[in-house]
Amino acid sequence: MSQIEKKERGQVLIIGSGAGGTTTAITLAEAGFDVVVLEEGARHPLTSYGQAPTKAMNQLYRNRGMMPIMGSVPIGYVEGRCLGGSTEINSGFWHRLPPEFLLRWQARFGLQDFSLEALDGHFAWAEDKLRVQDRNGDWPKSTQVFQRGIEAMQWSAQEVRRAASGCVNTNACAAGCPKGAKQGMSVKLVPEAESLGARFITGARAKLIIKHGNKVTGVLADITKPDGSSDLVRIDADYVFVCAGPTQTPALLRKSGIKEHIGDTFQIHPMLKVSAVFDEDIDAHKSVMPLLQVKEFWPDISLGGSFFSVGHLAINLADNWLTTSDVIKNYRRMASYYVGVRGTGAGTVRASLTGDGEATLKYELSDVDIRHLSQGLARLSTLLLAAGAREVYPCVFGLPKITSELNAVRWLDESLPRSSLSLTTVHGFSTCPIGERPERCAADSFGKVHGLKNLYLSDASMLPDSPGINPQGTIMAIARRNALHFAETHNQQGT
Ligand SMILES: Cc1cc2nc3c(=O)[nH]c(=O)nc-3n(C[C@H](O)[C@H](O)[C@H](O)COP(=O)(O)OP(=O)(O)OC[C@H]3O[C@@H](n4cnc5c(N)ncnc54)[C@H](O)[C@@H]3O)c2cc1C
């Protein structure tokens with residue numbers, strides 16, 4: 001590594017190009033600010049998307065997809081590390097923030113100007129940009145059988161809109177959509193921000209935010225060169241927006257000595273997966289994942305469809321492999337589903353004291369989480385059996401399969417043992433909550449970090465609490481709102 005060099009300068013410097021960062025970049029570029037975005041990951045063309053899982057994870061995921069959340073039940077977590085961040089590898093499911101959560105956040109965090117009406121236009125802006133829409137009834141088989149079970153149980157459910165109009169079932173969401181149908185940020189929004197003058201520097205990892213008193217002056221960043229070596233560079237800016245995602249934003253702030261309510265309240269949606277065998281061919285490996293979500297038990301418990309490949313099926317069966325290894329032969333008649341719970345446990349994110357200051361993640365499931373996961377398993381298994389499944393295989397060690405409704409409903413009243421659970425999550429948030437309550441908020445209602453004049457955050461970390469829904473829509477709507485507020489207040493001040 002060479003000595004520190006001063007390279008770029010931006011009026012506004014944004015760290016991270018995911019849902020929060022790119023929304024902020026496009027909004028501020030549109031408002032006439034000189035915007036520089038630093039993105040740690042690389043820029044990949046669509047032609048390199050849709051690779052086999054190991055290659056895709058190496059290319060698009062942080063730590064090749066290995067980010068364990070430690071606790072009495074370790075939880076597998078993944079996030080994106082590429083231009084566009086996690087939006088490049090997500091499934092594009094889209095929700096607006098339900099009114100109940102909006103009110104809850106106002107009450108608990110004192111969020112200002114945070115009404116349905118105030119957010120409405122920002123959701124509409126994002127939905128228009130990403131062409132969010134229903135699939136219009138053209139449902140793959142894994143959705144059709146799920147629908148059969150929902151009807152049998154008479155539970156309320158909805159088809160979830162997606163930011164993937166023109167989806168043609170490549171089943172490659174998690175590897176980057178090679179057709180450009182799934183609207184990750186890199187598809188249209190980054191190019192649009194660039195056309196408005198924003199500069200995206202990829203392969204640029206912000207390592208430290210530089211502070212002088214109550215102002216920040218820029219960042220130190222490692223910028224990767226074509227030969228793979230890197231330069232340590234100082235980038236000056238009038239304003240810095242940290243949009244590095246729910247784990248990296250708190251890690252970077254803490255490494256930079258900014259710690260007040262930062263990384264102390266990590267929230268997730270813990271997820272328990274099951275795979276089910278039907279009598280008919282489903283061919284889930286050739287279609288988009290099931291598109292319906294059961295809302296009957298929301299906000300505590302949601303039931304929905306999971307990504308399916310033969311490799312992922314093997315992982316789902318691995319807890320009880322000695323008795324389940326043969327089941328994989330039925331993969332054409334199988335599909336995978338999940339129980340997602342809102343998450344009421346307690347978690348933290350810290351910058352590791354060793355290595356490069358990577359984020360260390362901890363989350364302790366609450367007893368309520370365990371109850372909800374158990375009840376969710378009972379309900380999802382009952383639904384799948386009612387839909388015609390012969391066997392349901394949960395990711396629970398020592399519980400190889402569920403074959404009857406009576407076996408399933410047992411978990412309505414009993415709790416699954418913690419030590420037997422194999423859980424995952426792809427939704428992290430709330431590590432830097434926004435709001436006006438100084439005793440629990442890291443930043444004000446519009447993301448300005450408390451105690452610093454010109455430092456902002458705008459990504460999943462700012463959501464005050466677990467939203468109980470797929471979060472990208474909410475992150476983009478709040479990021480848009482925050483950036484517009486910044487533009488208005490700063491233009492008024494003539495800066
Ligand atoms: C597999 C998967 C499936 C998902 N499915 C859905 C779904 O269907 N619907 C939904 O609503 N949500 C889904 N999500 C969640 C959603 O994608 C995220 O909540 C959202 O993208 C978070 O936005 P963000 O801006 O906080 O972070 P990200 O989008 O992750 O962006 C953060 C960016 O910051 C960069 N960065 C981090 N640290 C630094 C640094 N020090 N310097 C420079 N750059 C840095 C990262 O490389 C990354 O590109 C899914 C997530 C995953 C992983």
# chains A, B, ... in the order shown; residues from 1 in each chain; ligands from 1

$ residues_near_ligand --ligand "ligand 1" --cutoff "7 Å" --atoms "only C-alpha atoms and all ligand atoms" --output "ChimeraX atom specification"
/A:15-21,38-41,78-87,89-95,174,204-207,243-246,248-249,252,426-428,459-461,470-473,475

$ select_by_dssp --residues "range 337-462 of chain A" --states "helix (DSSP H, G or I)" --output "number ranges by chain"
A: 367-386, 405-413, 418-420, 460-462

$ write_last_selection --atoms "C-alpha atoms" --output "short mmCIF file (atom, residue, chain, number, x, y, z; two decimals), in the first residue's frame"
data_model
loop_
_atom_site.label_atom_id
_atom_site.label_comp_id
_atom_site.auth_asym_id
_atom_site.auth_seq_id
_atom_site.Cartn_x
_atom_site.Cartn_y
_atom_site.Cartn_z
CA ASP A 367 -38.04 -16.64 23.69
CA VAL A 368 -40.80 -14.92 21.73
CA ASP A 369 -38.82 -15.43 18.51
CA ILE A 370 -38.54 -19.14 19.29
CA ARG A 371 -42.28 -19.36 19.97
CA HIS A 372 -43.05 -17.61 16.69
CA LEU A 373 -40.66 -19.82 14.73
CA SER A 374 -42.25 -22.93 16.27
CA GLN A 375 -45.79 -21.75 15.57
CA GLY A 376 -44.76 -20.70 12.08
CA LEU A 377 -43.36 -24.16 11.41
CA ALA A 378 -46.63 -25.72 12.60
CA ARG A 379 -48.64 -23.47 10.29
CA LEU A 380 -46.41 -23.70 7.24
CA SER A 381 -46.25 -27.51 7.50
CA THR A 382 -50.04 -27.74 7.90
CA LEU A 383 -50.50 -25.51 4.86
CA LEU A 384 -48.10 -27.56 2.71
CA LEU A 385 -49.67 -30.87 3.76
CA ALA A 386 -53.10 -29.42 2.96
CA GLU A 405 -51.11 -32.36 10.37
CA LEU A 406 -51.14 -33.81 13.89
CA ASN A 407 -47.33 -33.90 13.92
CA ALA A 408 -47.28 -30.37 12.61
CA VAL A 409 -49.65 -28.70 15.08
CA ARG A 410 -47.61 -29.99 18.00
CA TRP A 411 -45.35 -26.95 17.45
CA LEU A 412 -48.22 -24.56 18.05
CA ASP A 413 -47.87 -25.34 21.75
CA ARG A 418 -32.80 -23.67 20.33
CA SER A 419 -29.86 -25.99 19.85
CA SER A 420 -31.57 -27.78 16.96
CA ALA A 460 -31.12 -0.11 6.28
CA SER A 461 -29.26 0.86 9.44
CA MET A 462 -31.56 3.88 9.94
#

$ closest_residue --among "A:Ile268, A:Thr22, A:Leu119, A:Leu399" --to "Ala318 in chain A" --atoms "only C-alpha atoms"
A:Leu399

$ residues_around --residues "Ala351 in chain A" --least-positions-apart "3" --cutoff "7 Å" --atoms "only C-alpha atoms" --output "PyMOL selection string"
chain A and resi 251+254-255+357-360

$ atom_distance --atom1 "CA of Lys273 in chain A" --atom2 "CA of Asn316 in chain A"
7.1 Å

$ select_by_dssp --residues "range 22-271 of chain A" --states "strand (DSSP E)" --output "PyMOL selection string"
chain A and resi 35-39+67-70+75-77+93-94+157-159+161-162+199-202+204-212+215-224+230-242+267-268+271

$ closest_residue --among "A:Ser430, A:Ser195, A:Ser287, A:Ser115" --to "Ala346 in chain A" --atoms "only C-alpha atoms"
A:Ser430

$ closest_residue --among "A:Lys55, A:Lys286, A:Arg135, A:Arg199" --to "Asn169 in chain A" --atoms "only C-alpha atoms"
A:Lys286

$ closest_residue --among "A:Trp139, A:Phe266, A:Phe397, A:Phe241" --to "Lys448 in chain A" --atoms "only C-alpha atoms"
A:Phe241

$ closest_residue --among "A:Trp298, A:Asp356, A:Gly76, A:Asp238" --to "Asp222 in chain A" --atoms "only C-alpha atoms"
A:Asp356

$ atom_distance --atom1 "CA of Val240 in chain A" --atom2 "CA of Phe33 in chain A"
12.4 Å

$ closest_residue --among "A:Leu208, A:Ala118, A:Tyr77, A:Asn330" --to "Arg64 in chain A" --atoms "only C-alpha atoms"
A:Tyr77

$ residues_around --residues "Pro53 in chain A" --least-positions-apart "4" --cutoff "12 Å" --atoms "only C-alpha atoms" --output "number ranges by chain"
A: 49, 57-61, 64-65, 89, 171-176, 307-312

$ atom_distance --atom1 "CA of Leu291 in chain A" --atom2 "CA of Glu159 in chain A"
5.7 Å

$ residues_around --residues "Gly468 in chain A" --least-positions-apart "6" --cutoff "12 Å" --atoms "only C-alpha atoms" --output "PyMOL selection string"
chain A and resi 95-102+267-271+295+297-303+339-344+427-429+474

$ residues_around --residues "Ser445 in chain A" --least-positions-apart "6" --cutoff "12 Å" --atoms "only C-alpha atoms" --output "ChimeraX atom specification"
/A:105-106,109-114,432-438,456-458,462-464,478-479,481-483,485-486
